[in-house]
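Peer 1: Encoded as structure tokens, here's the structure I'll be asking about.
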Amino acid sequence: MSDTTDNRSQGAARIGALAVLAVLLAAPFIGLYPVFMMKALCFAIFAVAFNLLLGFTGLLSFGHAAYLGAAAYFTGWLVKQAGFSPELGVLVGTLGAGLMGLVVGLIAIRRQGIYFAMITLAMAQMVFFVWLQAPFTGGEDGLQGVPRGKLFGLLPLASDVTMYYVVLAVFVAIYLGVIRIVHSPYGQVLKAIRENEPRAISLGYDVDKYKLLAFVLSTTIAGLAGSLKTLVLGFATLSDAHWSLSGEVVLMTLLGGMGTFAGPVIGAFTIIGLQNYLADRVGSWVTVIIGGIFVACVLGFRRGFVGELLAWQKKRQGGG
Amino acid sequence: MEIFGIPLQAFLGQLLLGLVNGSFYAMLSLGLAVIFGLLGIVNFAHGALYMIGAYTAFMLTEKLGIGFWGALVVAPLVVGAIGVVIERTLLKHLYNIDPIYGLLLTFGLALIAEGIFRDQFGVSGQQYAVPDLLQGATNLGFMVLPNYRGFVIFASLAICIATWYLIERTRLGSYLRAGTENPKLVQAFGVNVPLMVMLTYGAGAGLAALAGVLAAPVIQLTPLMGSNLIIIVFAVVVIGGMGSIMGSILTGLFLGLVEGLTKVFYPEASSIVVFVIMAIVLMIRPAGLFGKER
Amino acid sequence: MKLKTFAAACALATTALFGTAQAQYSGDVIKIGIITDMSGLYSDIDGQGGVEAMKMALAELGGSINGKKVEILYADHQNKADVAAAKAREWFDTQGVDMLVGGTTSSTGLAMSAVAKEKKKVFLAVGPATSALTNEQCSPYTVHWAYDTVALAKGTGGAVVKGGGKSWYFLTADYAFGTALQNDTSAVIKANGGTVVGSVRHPLSASDFSSFLLQAQGSKAQILGLANAGGDTVNSIKAANEFGVTKTMKLAGLLMFINDIHALGLKTAQGMYLTDSWYWNRDPETRAWSRKFFEKMKRMPSSIQAADYSVALNYLLAVKATGTDDADKVLAHMRKTKINDIFAKGGFIRDDGRMVHDMYLMQVKSPDKSTEPWDYYNVAQVIKGEEAWTTKAESKCALWK
């Protein structure tokens with residue numbers, strides 16, 4: 001599932017990536033609604049963060065929305081009530097999510113596999129109920145009217161187009177950053193843990209520490225997605241911390257392709273786009289369709305779009 | 001009379017209500033533990049099956065005029081059959097791969113069920129009438145307890161004990177337990193393991209549906225009733241450990257009582273107390289209170 | 001690799017297109033939209049019925065205004081403020097919607113009001129109850145049409161306290177609406193010499209009220225004030241009967257609609273007071289209109305649905321009169337014009353955005369006095385015009401000084 005380092009393919013990959021980037025850069029001017037694109041980019045960041053944990057470390061966190069939601073609320077409150085400038089608000093929100101990830105990770109790391117998933121889900125639900133009660137979140141009403149402010153005190157972000165490019169820049173930075181992490185020596189150890197944990201332990205690696213670090217990295221980046229989303233849409237609500245969102249990010253990653261780089265991004269755009277398109281037309285059936293995609297993916301499409309594409313390509317190149 | 005500054009009426013009343021909730025936790029975590037034990041699948045759809053059981057009872061009464069007592073029998077059979085179909089068509093492909101796929105697939109099934117029922121019934125909730133025999137309330141002195149809730153406690157305890165007995169004390173149960181440990185060996189002895197697995201999932205589904213029928217007169221039916229509950233049940237199962245049937249039952253009841261107690265002294269925390277306990281148990285005894293490390 | 005990323009680009013572009021509606025702006029079409037609860041606990045009191053009511057208004061005006069087509073959009077916010085705000089923003093940005101009607105739920109109403117203020121478009125709040133819409137969060141683009149928590153408090157709250165219910169315990173829905181209703185009612189209670197013994201908050205759309213009712217019973221208050229609505233009110237009342245709370249406390253349903261009474265049945269609900277902005281059986285005109293509604297929806301309209309009709313009618317009439325859909329001009333015309341339709345007679349819009357009209361304090365009939373289905377109320381008192389609402393002295397709106 002890793003990208004080959006064949007020079008010719010690398011060159012081709014770069015051209016392909018530039019093509020996508022060109023589309024993204026031109027988006028506001030070719031008729032794509034900036035607010036939708038920004039929302040999709042934020043969730044793409046979320047999915048990339050999640051994939052770092054699931055695809056590259058092999059840990060299923062089933063309550064990942066807790067971190068997106070936490071950062072969304074922190075940033076929202078700091079920017080709206082405490083008058084923080086946007087970049088500070090995002091920074092503190094993101095770090096807050098990472099800290100929460102550290103606490104949950106310390107508790108959850110004690111169990112393996114499927115228990116880990118259940119524990120992360122339960123902890124996320126606990127955090128959800130805390131947000132429901134806490135006055136600063138506004139409970140059911142949510143944190144509304146979060147201003148975008150001026151980036152670094154200089155660049156006003158009120159314009160959707162300006163905000164879009166800021167979000168795009170962050171997205172590209174995170175995307176490249178995750179690639180860097182995965183290809184680093186640390187990333188190699190994570191891969192080893194995913195492939196065969198007992199062997200990694202026997203080689204002398206403190207796997208719990210590696211897993212915990214991956215968890216914290218993942219939750220921090222997920223928090224970044226939440227903070228950005230709050231600035232984009234101007235509110236943070238309970239939907240950002242709800243377990244259904246935790247499920248959706250799993251689907252985005254699975255559908256797009258676990259353990260690939262482009263997969264989560266494609267998955268995010270697909271799911272967000274689908275929800276947007278279908279919500280008015282089919283009402284509650286959106287949930288059914290999402291559920292159906294889950295079932296279909298698990299049964300027959302486990303490698304996701306990108307994974308299937310890569311496998312098909314390998315078969316064609318290698319001749320079996 | 002007061003206990004720690006709370007009038008006895010309120011105290012015992014909340015405990016009793018907590019026991020009712022605990023009965024549901026016990027029944028559902030029991031089903032979940034049985035399915036996980038034999039199939040190795042964490043059945044996220046358990047909550048959805050509970051919900052479908054409640055709605056089946058509702059529809060049986062509305063459309064076919066079958067009353068509560070009939071629904072208690074028919075609904076679990078219907079949902080059990082659905083469970084069997086799910087197992088045969090979908091789940092059996094997942095036994096040899098990473099268990100997370102089982103969780104994800106059943107999660108997808110839960111979403112499908114929720115979406116379909118939401119489309120049909122809306123989110124606002126249906127009412128299901130308490131059966132005539134159990135209407136009214138008894139004045140227990142410290143509180144007025146609706147008779148039906150008292151019935152629920154007894155019925156669910158009976159069901160839990162019966163299930164425990166079936167699994168731990170009968171031959172069928174011993175096949176089940178052996179099949180969990182070593183399916184190939186048991187199959188070699190001539191026991192039809194795939195059939196047993198299929199029926200186990202069906203039985204687990206039926207048990208969830210039974211809980212749903214019992215719950216119907218107590219809470220309003222909404223398509224979301226299962227998903228809200230299943231996450232708490234997950235926590236119950238982690239606390240109790242999935243190794244022991246009796247462990248699941250006792251943990252479920254215990255946590256219901258704790259929740260009730262919390263409502264008396266610190267109501268705001270009642271929705272999170274189960275999760276807090278889960279975190280504590282994980283720090284002290286990761287395998288769970290009754291669990292065996294798998 | 002090349003194939004992969006090219007495929008990725010295609011996938012991205014295609015899926016992004018899912019997200020965009022036509023980016024054209026309406027020039028020749030007048031678009032009005034309603035965002036409300038279409039599937040949840042408030043869907044009966046507004047929902048599809050609200051959309052139908054608006055269509056009735058359009059049909060009455062001949063289907064078009066000054067030759068321009070009129071389009072009525074609707075969407076489900078599922079009682080979530082973020083869904084409502086996002087949909088409102090999308091409609092204003094990409095669909096060229098000129099006027100937005102706020103369906104149920106106070107939190108969505110506040111969110112949509114904020115978006116409309118930012119985009120400088122007309123927002124007519126019908127379903128939301130919170131008085132904040134015309135106080136702390138008042139806006140030059142928002143008109144609060146049907147009712148609000150102050151009117152409910154002065155109506156039902158006042159009546160119950162004056163009738164002897166001096167000590168209250170609140171069961172409150174835990175969001176903007178419940179809080180506003182509890183606060184406004186508490187003010188009225190205290191002003192009339194009563195006391196508030198305590199309160200407990202329940203989650204929106206709660207499944208089980210038993211533990212909250214136990215707490216209420218323990219308070220030993222005379223009155224249990226239900227600061228919730230829709231399905232929550234119906235379930236609280238049913239559970240209160242089940243647990244024998246009604247033997248020791250009287251219930252005051254601070255916000256009830258005819259659909260709730262229908263769900264409860266007259267036997268359970270009889271004698272309860274409620275304050276509402278409209279009743280289908282009030283006079284021959286309302287009866288005629290309601291029967292037309294009944295033919296489509298198979299149930300009698302709630303006051304919110306009648307108000308949906310009224311906002312659509314009055315907005316479109318203003319557009320017709322001014323010849324434009326520019327928000328400022330239309331609103332200026334609406335503020336100058338009296339509202340005279342089946343919903344209100346002699347109604348007018350105040351500077352704080354409040355549409356001032358009569359409110360009705362009604363009491364639920366006993367089963368033997370009801371002459372036909374949906375004949376549920378006796379009008380106990382007509383609360384005239386200015387008396388029902390926030391006064392200038394009490395107002396926290398910066399626009400009304």
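The way I read the labels, and the way they are meant: chains A, B, ... in the order of the structure tokens, residue 1 as the first residue of every chain, and ligand 1 as the first ligand shown, with later ones counted on from there.
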I'd like to know which residues of region 25-214 of chain B are helix (DSSP H, G or I) (by DSSP, run on the backbone); could you write them as number ranges by chain?

Peer 2: B: 25-39, 46-64, 68-89, 91-94, 99-121, 132-134, 147-169, 171-181, 183-188, 193-214

Peer 1: Show me, as a VMD selection string, the residues of chain B whose atoms get within 10 Å of chain C, using only C-alpha atoms for the distance check.

Peer 2: chain B and resid 6 to 11 13 to 15 17 to 18 118 to 127 135 to 139 143 to 147 218 to 222 224 to 225 260 263 to 264 267 to 268

Peer 1: Would you export the selected residues with N, CA and C atoms as a compact mmCIF listing (two decimals), in the first residue's frame, please?

Peer 2:
```
# COMPACT_ATOMS: atom_id res chain seq x y z
N ILE B 6 -30.93 14.06 51.45
CA ILE B 6 -31.93 13.87 50.40
C ILE B 6 -33.11 13.10 50.99
N PRO B 7 -34.33 13.56 50.74
CA PRO B 7 -35.48 12.83 51.28
C PRO B 7 -35.49 11.39 50.79
N LEU B 8 -35.87 10.48 51.65
CA LEU B 8 -35.84 9.05 51.34
C LEU B 8 -36.63 8.74 50.07
N GLN B 9 -37.74 9.47 49.91
CA GLN B 9 -38.60 9.22 48.75
C GLN B 9 -37.82 9.42 47.45
N ALA B 10 -37.15 10.54 47.36
CA ALA B 10 -36.41 10.82 46.14
C ALA B 10 -35.28 9.81 45.96
N PHE B 11 -34.60 9.50 47.05
CA PHE B 11 -33.46 8.60 47.02
C PHE B 11 -33.85 7.23 46.48
N GLY B 13 -36.60 6.35 45.07
CA GLY B 13 -37.25 6.46 43.77
C GLY B 13 -36.24 6.43 42.65
N GLN B 14 -35.19 7.23 42.78
CA GLN B 14 -34.18 7.27 41.73
C GLN B 14 -33.45 5.93 41.63
N LEU B 15 -33.22 5.28 42.79
CA LEU B 15 -32.55 3.99 42.76
C LEU B 15 -33.38 2.97 42.00
N LEU B 17 -35.64 3.59 39.69
CA LEU B 17 -35.58 3.91 38.27
C LEU B 17 -34.23 3.47 37.68
N GLY B 18 -33.18 3.64 38.49
CA GLY B 18 -31.87 3.22 38.05
C GLY B 18 -31.81 1.72 37.83
N ARG B 118 -36.27 6.41 10.49
CA ARG B 118 -36.44 7.86 10.56
C ARG B 118 -37.31 8.33 9.42
N ASP B 119 -37.07 7.77 8.26
CA ASP B 119 -37.85 8.16 7.10
C ASP B 119 -39.32 7.81 7.30
N GLN B 120 -39.56 6.62 7.86
CA GLN B 120 -40.94 6.16 8.04
C GLN B 120 -41.66 6.87 9.17
N PHE B 121 -40.94 7.05 10.28
CA PHE B 121 -41.63 7.48 11.49
C PHE B 121 -41.24 8.86 11.97
N GLY B 122 -40.25 9.48 11.37
CA GLY B 122 -39.79 10.75 11.90
C GLY B 122 -39.05 10.54 13.22
N VAL B 123 -38.50 11.61 13.75
CA VAL B 123 -37.69 11.47 14.96
C VAL B 123 -38.52 11.70 16.21
N SER B 124 -39.76 12.18 16.01
CA SER B 124 -40.46 12.75 17.16
C SER B 124 -40.91 11.72 18.18
N GLY B 125 -40.96 10.48 17.82
CA GLY B 125 -41.27 9.49 18.86
C GLY B 125 -42.71 9.04 18.83
N GLN B 126 -42.88 7.75 18.97
CA GLN B 126 -44.23 7.18 19.04
C GLN B 126 -44.49 6.75 20.46
N GLN B 127 -45.74 6.66 20.80
CA GLN B 127 -46.11 6.20 22.12
C GLN B 127 -46.54 4.75 22.03
N GLN B 135 -51.28 -1.69 34.08
CA GLN B 135 -51.49 -0.26 34.23
C GLN B 135 -51.60 0.13 35.68
N GLY B 136 -51.56 1.40 35.89
CA GLY B 136 -51.73 1.87 37.25
C GLY B 136 -50.43 1.86 38.00
N ALA B 137 -50.50 2.30 39.20
CA ALA B 137 -49.28 2.41 40.00
C ALA B 137 -49.55 1.93 41.40
N THR B 138 -48.47 1.51 42.04
CA THR B 138 -48.59 1.07 43.43
C THR B 138 -47.91 2.09 44.31
N ASN B 139 -48.56 2.45 45.34
CA ASN B 139 -47.95 3.39 46.26
C ASN B 139 -47.10 2.61 47.25
N MET B 143 -42.50 6.09 47.29
CA MET B 143 -42.76 6.67 45.98
C MET B 143 -43.94 5.92 45.35
N VAL B 144 -44.47 6.55 44.33
CA VAL B 144 -45.50 5.87 43.56
C VAL B 144 -44.79 5.20 42.39
N LEU B 145 -44.80 3.87 42.36
CA LEU B 145 -44.12 3.17 41.28
C LEU B 145 -45.14 2.65 40.27
N PRO B 146 -45.04 3.12 39.03
CA PRO B 146 -45.93 2.55 38.03
C PRO B 146 -45.70 1.03 37.96
N ASN B 147 -46.78 0.28 37.95
CA ASN B 147 -46.65 -1.19 38.00
C ASN B 147 -45.80 -1.73 36.89
N VAL B 218 -42.06 2.29 28.25
CA VAL B 218 -41.38 3.15 29.21
C VAL B 218 -40.87 4.43 28.57
N ILE B 219 -40.19 4.29 27.45
CA ILE B 219 -39.63 5.47 26.79
C ILE B 219 -40.33 5.63 25.46
N GLN B 220 -40.31 6.83 24.95
CA GLN B 220 -40.95 6.98 23.66
C GLN B 220 -40.05 6.37 22.59
N LEU B 221 -40.68 5.73 21.62
CA LEU B 221 -39.93 5.07 20.56
C LEU B 221 -39.38 6.11 19.62
N THR B 222 -38.10 6.16 19.44
CA THR B 222 -37.55 6.95 18.35
C THR B 222 -36.48 6.13 17.66
N LEU B 224 -33.68 6.84 17.17
CA LEU B 224 -32.37 7.08 17.76
C LEU B 224 -32.19 6.34 19.08
N MET B 225 -33.22 5.63 19.54
CA MET B 225 -33.15 5.08 20.89
C MET B 225 -32.04 4.03 21.02
N GLY B 260 -28.52 5.90 38.88
CA GLY B 260 -29.65 6.39 39.67
C GLY B 260 -29.17 7.19 40.87
N LYS B 263 -28.03 10.56 39.94
CA LYS B 263 -29.12 11.49 39.68
C LYS B 263 -29.61 12.14 40.96
N VAL B 264 -29.46 11.44 42.08
CA VAL B 264 -29.90 12.01 43.35
C VAL B 264 -28.96 13.11 43.80
N PRO B 267 -27.03 15.40 39.64
CA PRO B 267 -27.74 15.04 38.42
C PRO B 267 -26.98 15.37 37.14
N GLU B 268 -26.20 16.45 37.14
CA GLU B 268 -25.53 16.83 35.90
C GLU B 268 -24.57 15.76 35.44
```

Peer 1: Can you write out as JSON lines which residues of chain A fall within 8 Å of chain C, alongside each residue's closest atom pair and its distance in Å to one decimal, counting only C-alpha atoms and ordering rows by chain and ascending residue number?

Peer 2:
```
{"residue": "A:Ser9", "atom": "CA", "partner": "C:Met1", "partner_atom": "CA", "distance": 5.5}
{"residue": "A:Gln10", "atom": "CA", "partner": "C:Met1", "partner_atom": "CA", "distance": 7.2}
{"residue": "A:Ala12", "atom": "CA", "partner": "C:Lys2", "partner_atom": "CA", "distance": 4.6}
{"residue": "A:Ala13", "atom": "CA", "partner": "C:Lys2", "partner_atom": "CA", "distance": 4.9}
{"residue": "A:Arg14", "atom": "CA", "partner": "C:Lys2", "partner_atom": "CA", "distance": 7.9}
{"residue": "A:Ile15", "atom": "CA", "partner": "C:Lys2", "partner_atom": "CA", "distance": 7.2}
{"residue": "A:Gly16", "atom": "CA", "partner": "C:Thr5", "partner_atom": "CA", "distance": 4.7}
{"residue": "A:Ala17", "atom": "CA", "partner": "C:Thr5", "partner_atom": "CA", "distance": 5.9}
{"residue": "A:Ala19", "atom": "CA", "partner": "C:Ala9", "partner_atom": "CA", "distance": 6.9}
{"residue": "A:Val20", "atom": "CA", "partner": "C:Ala9", "partner_atom": "CA", "distance": 4.8}
{"residue": "A:Val23", "atom": "CA", "partner": "C:Ala13", "partner_atom": "CA", "distance": 7.5}
{"residue": "A:Gly31", "atom": "CA", "partner": "C:Ala23", "partner_atom": "CA", "distance": 6.5}
{"residue": "A:Leu32", "atom": "CA", "partner": "C:Thr20", "partner_atom": "CA", "distance": 5.8}
{"residue": "A:Tyr33", "atom": "CA", "partner": "C:Thr20", "partner_atom": "CA", "distance": 5.5}
{"residue": "A:Phe36", "atom": "CA", "partner": "C:Gly19", "partner_atom": "CA", "distance": 6.1}
{"residue": "A:Met37", "atom": "CA", "partner": "C:Ala16", "partner_atom": "CA", "distance": 7.0}
{"residue": "A:Gly138", "atom": "CA", "partner": "C:Tyr175", "partner_atom": "CA", "distance": 7.9}
{"residue": "A:Gly139", "atom": "CA", "partner": "C:Tyr175", "partner_atom": "CA", "distance": 6.7}
{"residue": "A:Glu140", "atom": "CA", "partner": "C:Tyr175", "partner_atom": "CA", "distance": 5.4}
{"residue": "A:Asp141", "atom": "CA", "partner": "C:Ser107", "partner_atom": "CA", "distance": 4.9}
{"residue": "A:Gly142", "atom": "CA", "partner": "C:Ala81", "partner_atom": "CA", "distance": 7.0}
{"residue": "A:Gln144", "atom": "CA", "partner": "C:Ala111", "partner_atom": "CA", "distance": 6.7}
{"residue": "A:Gly145", "atom": "CA", "partner": "C:Ala114", "partner_atom": "CA", "distance": 7.3}
{"residue": "A:Leu233", "atom": "CA", "partner": "C:Ala86", "partner_atom": "CA", "distance": 7.4}
{"residue": "A:Phe235", "atom": "CA", "partner": "C:Asp82", "partner_atom": "CA", "distance": 6.9}
{"residue": "A:Ala236", "atom": "CA", "partner": "C:Asp82", "partner_atom": "CA", "distance": 7.7}
{"residue": "A:Thr237", "atom": "CA", "partner": "C:Asp82", "partner_atom": "CA", "distance": 6.6}
{"residue": "A:Ser239", "atom": "CA", "partner": "C:Asp82", "partner_atom": "CA", "distance": 8.0}
{"residue": "A:Ala262", "atom": "CA", "partner": "C:Ala8", "partner_atom": "CA", "distance": 7.2}
{"residue": "A:Ile266", "atom": "CA", "partner": "C:Leu12", "partner_atom": "CA", "distance": 6.3}
{"residue": "A:Phe269", "atom": "CA", "partner": "C:Thr15", "partner_atom": "CA", "distance": 6.0}
{"residue": "A:Thr270", "atom": "CA", "partner": "C:Thr15", "partner_atom": "CA", "distance": 5.4}
{"residue": "A:Ile272", "atom": "CA", "partner": "C:Gly19", "partner_atom": "CA", "distance": 7.8}
{"residue": "A:Gly273", "atom": "CA", "partner": "C:Gly19", "partner_atom": "CA", "distance": 5.0}
{"residue": "A:Leu274", "atom": "CA", "partner": "C:Phe18", "partner_atom": "CA", "distance": 6.5}
{"residue": "A:Asn276", "atom": "CA", "partner": "C:Gly19", "partner_atom": "CA", "distance": 5.6}
{"residue": "A:Tyr277", "atom": "CA", "partner": "C:Phe18", "partner_atom": "CA", "distance": 5.4}
{"residue": "A:Asp280", "atom": "CA", "partner": "C:Ala75", "partner_atom": "CA", "distance": 6.3}
{"residue": "A:Gly283", "atom": "CA", "partner": "C:Asp76", "partner_atom": "CA", "distance": 7.9}
{"residue": "A:Val306", "atom": "CA", "partner": "C:Lys4", "partner_atom": "CA", "distance": 6.9}
{"residue": "A:Leu309", "atom": "CA", "partner": "C:Lys4", "partner_atom": "CA", "distance": 6.5}
{"residue": "A:Leu310", "atom": "CA", "partner": "C:Lys4", "partner_atom": "CA", "distance": 7.1}
```

Peer 1: The selected residues should be written to file as a CSV table (one decimal), in the first residue's frame (atoms: N, CA and C atoms).

Peer 2:
```csv
chain,number,residue,atom,x,y,z
A,9,SER,N,7.5,7.1,-11.9
A,9,SER,CA,6.2,7.2,-11.3
A,9,SER,C,6.2,8.4,-10.4
A,10,GLN,N,7.3,8.7,-9.7
A,10,GLN,CA,7.3,9.9,-8.8
A,10,GLN,C,7.1,11.1,-9.6
A,12,ALA,N,5.5,11.4,-12.5
A,12,ALA,CA,4.1,11.4,-12.9
A,12,ALA,C,3.2,11.8,-11.8
A,13,ALA,N,3.6,11.3,-10.6
A,13,ALA,CA,2.7,11.6,-9.4
A,13,ALA,C,2.8,13.1,-9.2
A,14,ARG,N,3.9,13.7,-9.4
A,14,ARG,CA,4.1,15.1,-9.1
A,14,ARG,C,3.2,15.9,-10.1
A,15,ILE,N,3.2,15.5,-11.3
A,15,ILE,CA,2.4,16.2,-12.3
A,15,ILE,C,0.9,16.1,-11.9
A,16,GLY,N,0.5,14.9,-11.6
A,16,GLY,CA,-0.9,14.6,-11.2
A,16,GLY,C,-1.3,15.5,-10.0
A,17,ALA,N,-0.3,15.6,-9.0
A,17,ALA,CA,-0.6,16.4,-7.8
A,17,ALA,C,-0.8,17.8,-8.2
A,19,ALA,N,-1.8,19.0,-11.0
A,19,ALA,CA,-3.1,19.2,-11.7
A,19,ALA,C,-4.2,19.4,-10.6
A,20,VAL,N,-4.2,18.6,-9.6
A,20,VAL,CA,-5.2,18.7,-8.6
A,20,VAL,C,-5.1,20.1,-7.9
A,23,VAL,N,-6.6,22.8,-9.9
A,23,VAL,CA,-8.1,22.8,-9.8
A,23,VAL,C,-8.5,23.5,-8.5
A,31,GLY,N,-16.6,28.5,-10.4
A,31,GLY,CA,-18.0,28.3,-10.0
A,31,GLY,C,-18.2,27.4,-8.9
A,32,LEU,N,-17.1,27.0,-8.2
A,32,LEU,CA,-17.3,26.1,-7.0
A,32,LEU,C,-17.6,27.0,-5.8
A,33,TYR,N,-18.6,26.7,-5.0
A,33,TYR,CA,-19.0,27.5,-3.9
A,33,TYR,C,-17.9,27.4,-2.8
A,36,PHE,N,-18.5,25.6,0.6
A,36,PHE,CA,-18.6,24.2,0.5
A,36,PHE,C,-17.1,23.6,0.4
A,37,MET,N,-16.3,24.3,-0.4
A,37,MET,CA,-14.9,23.8,-0.6
A,37,MET,C,-14.2,23.8,0.6
A,138,GLY,N,-22.7,26.6,24.9
A,138,GLY,CA,-24.0,26.9,24.5
A,138,GLY,C,-24.9,25.7,24.3
A,139,GLY,N,-24.4,24.5,24.7
A,139,GLY,CA,-25.2,23.3,24.6
A,139,GLY,C,-25.9,23.1,23.3
A,140,GLU,N,-27.2,22.9,23.3
A,140,GLU,CA,-28.0,22.7,22.1
A,140,GLU,C,-27.9,23.9,21.1
A,141,ASP,N,-27.8,25.1,21.7
A,141,ASP,CA,-27.8,26.3,20.8
A,141,ASP,C,-26.5,26.4,20.1
A,142,GLY,N,-25.4,25.9,20.7
A,142,GLY,CA,-24.1,26.0,20.0
A,142,GLY,C,-23.5,27.3,20.2
A,144,GLN,N,-22.5,30.4,18.5
A,144,GLN,CA,-22.8,31.0,17.2
A,144,GLN,C,-22.0,32.3,17.1
A,145,GLY,N,-22.0,32.8,15.8
A,145,GLY,CA,-21.5,34.1,15.6
A,145,GLY,C,-20.0,34.3,15.9
A,233,LEU,N,-17.2,28.5,9.2
A,233,LEU,CA,-18.6,28.5,9.2
A,233,LEU,C,-19.2,29.4,10.3
A,235,PHE,N,-19.5,28.9,13.5
A,235,PHE,CA,-20.1,28.3,14.7
A,235,PHE,C,-19.5,27.0,15.1
A,236,ALA,N,-19.7,26.6,16.3
A,236,ALA,CA,-19.2,25.3,16.8
A,236,ALA,C,-20.4,24.7,17.5
A,237,THR,N,-20.9,23.5,17.1
A,237,THR,CA,-22.0,22.9,17.8
A,237,THR,C,-21.8,21.5,18.1
A,239,SER,N,-23.0,18.9,16.9
A,239,SER,CA,-22.7,18.0,15.7
A,239,SER,C,-21.3,17.7,15.5
A,262,ALA,N,-3.8,10.2,-0.8
A,262,ALA,CA,-4.9,10.9,-1.5
A,262,ALA,C,-6.2,10.4,-1.1
A,266,ILE,N,-10.0,12.2,-1.0
A,266,ILE,CA,-11.1,11.9,-1.9
A,266,ILE,C,-12.3,11.4,-1.2
A,269,PHE,N,-14.1,14.5,0.3
A,269,PHE,CA,-14.9,15.3,-0.7
A,269,PHE,C,-16.1,14.5,-1.1
A,270,THR,N,-16.0,13.2,-1.3
A,270,THR,CA,-17.1,12.4,-1.7
A,270,THR,C,-18.2,12.4,-0.7
A,272,ILE,N,-18.8,14.5,1.9
A,272,ILE,CA,-19.3,15.8,2.2
A,272,ILE,C,-20.2,16.2,1.0
A,273,GLY,N,-19.7,16.0,-0.2
A,273,GLY,CA,-20.4,16.3,-1.4
A,273,GLY,C,-21.7,15.6,-1.5
A,274,LEU,N,-21.7,14.3,-1.2
A,274,LEU,CA,-22.9,13.5,-1.2
A,274,LEU,C,-23.9,14.0,-0.3
A,276,ASN,N,-24.2,16.9,1.0
A,276,ASN,CA,-24.7,18.2,0.6
A,276,ASN,C,-25.8,18.1,-0.5
A,277,TYR,N,-25.4,17.2,-1.5
A,277,TYR,CA,-26.3,17.0,-2.6
A,277,TYR,C,-27.6,16.4,-2.2
A,280,ASP,N,-31.3,17.7,0.9
A,280,ASP,CA,-32.6,18.2,0.6
A,280,ASP,C,-33.4,17.3,-0.2
A,283,GLY,N,-33.7,13.5,2.3
A,283,GLY,CA,-34.0,13.6,3.7
A,283,GLY,C,-33.3,12.5,4.5
A,306,VAL,N,-8.5,4.8,-3.9
A,306,VAL,CA,-7.1,4.8,-4.2
A,306,VAL,C,-6.4,3.5,-4.1
A,309,LEU,N,-7.2,1.4,-7.1
A,309,LEU,CA,-6.5,1.9,-8.2
A,309,LEU,C,-5.1,1.5,-8.2
A,310,LEU,N,-4.4,1.6,-7.1
A,310,LEU,CA,-3.0,1.2,-6.9
A,310,LEU,C,-2.9,-0.3,-7.2
```

Peer 1: Residues of chain A that approach chain B to 6 Å or less, counting only C-alpha atoms: could you list each one with the shortest pair of atoms and its distance in Å to one decimal, rows by chain and increasing residue number, as a tab-separated table?

Peer 2:
```
residue	atom	partner	partner_atom	distance
A:Ala122	CA	B:Ala235	CA	5.9
A:Met126	CA	B:Ile272	CA	5.3
A:Ser284	CA	B:Asp119	CA	5.2
A:Trp285	CA	B:Gly115	CA	5.6
A:Thr287	CA	B:Gly115	CA	5.0
A:Val288	CA	B:Ile112	CA	4.0
A:Gly291	CA	B:Gly108	CA	3.9
A:Phe294	CA	B:Gly108	CA	5.0
A:Val295	CA	B:Leu105	CA	5.0
```

Peer 1: Among region 155-364 of chain C, which residues does DSSP mark as strand (DSSP E or B) when it is run on the backbone? Keep the chain and numbering as in the structure and answer as a PyMOL selection string.

Peer 2: chain C and resi 167-173+195-202+223-227+250-253+273-276+339+347-349+354-356+359-364

Peer 1: Within 8 Å of region 155-163 of chain B, counting only C-alpha atoms, which residues qualify if same-chain residues fewer than 2 places away don't, as a list in words?

Peer 2: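 Everything that qualifies: Ser23, Phe24, Ala26, Met27, Leu30, Phe151, Val152, Ile153, Tyr165, Leu166, Ile167, Ala211 and Ile249 of chain B.
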
Peer 1: Skip region 251-256 of chain A itself and residues of its chain fewer than 2 positions away, then list as a PyMOL selection string all residues within 8 Å of it, counting only C-alpha atoms.

Peer 2: chain A and resi 47-48+50-51+247-249+258+262-268+270-271+294+297+301-307

Peer 1: One decimal, Å: what's the distance from CA of Ala159 (chain C) over to CA of Asn192 (chain C), could you say?

Peer 2: 10.1 Å

Peer 1: So that I can see what lies close to Val150 (chain C), please list as a ChimeraX atom specification the residues with an atom at most 10 Å from it, counting only C-alpha atoms and leaving out residues fewer than 4 positions away in the same chain.

Peer 2: /C:129-132,154-155,157,180-185,187-188,388-391

Peer 1: Measuring between only C-alpha atoms, which one of A:Glu87, A:Glu308, A:Glu197, A:Asp240 shows the shortest distance to Leu59 (chain A)?

Peer 2: A:Glu197
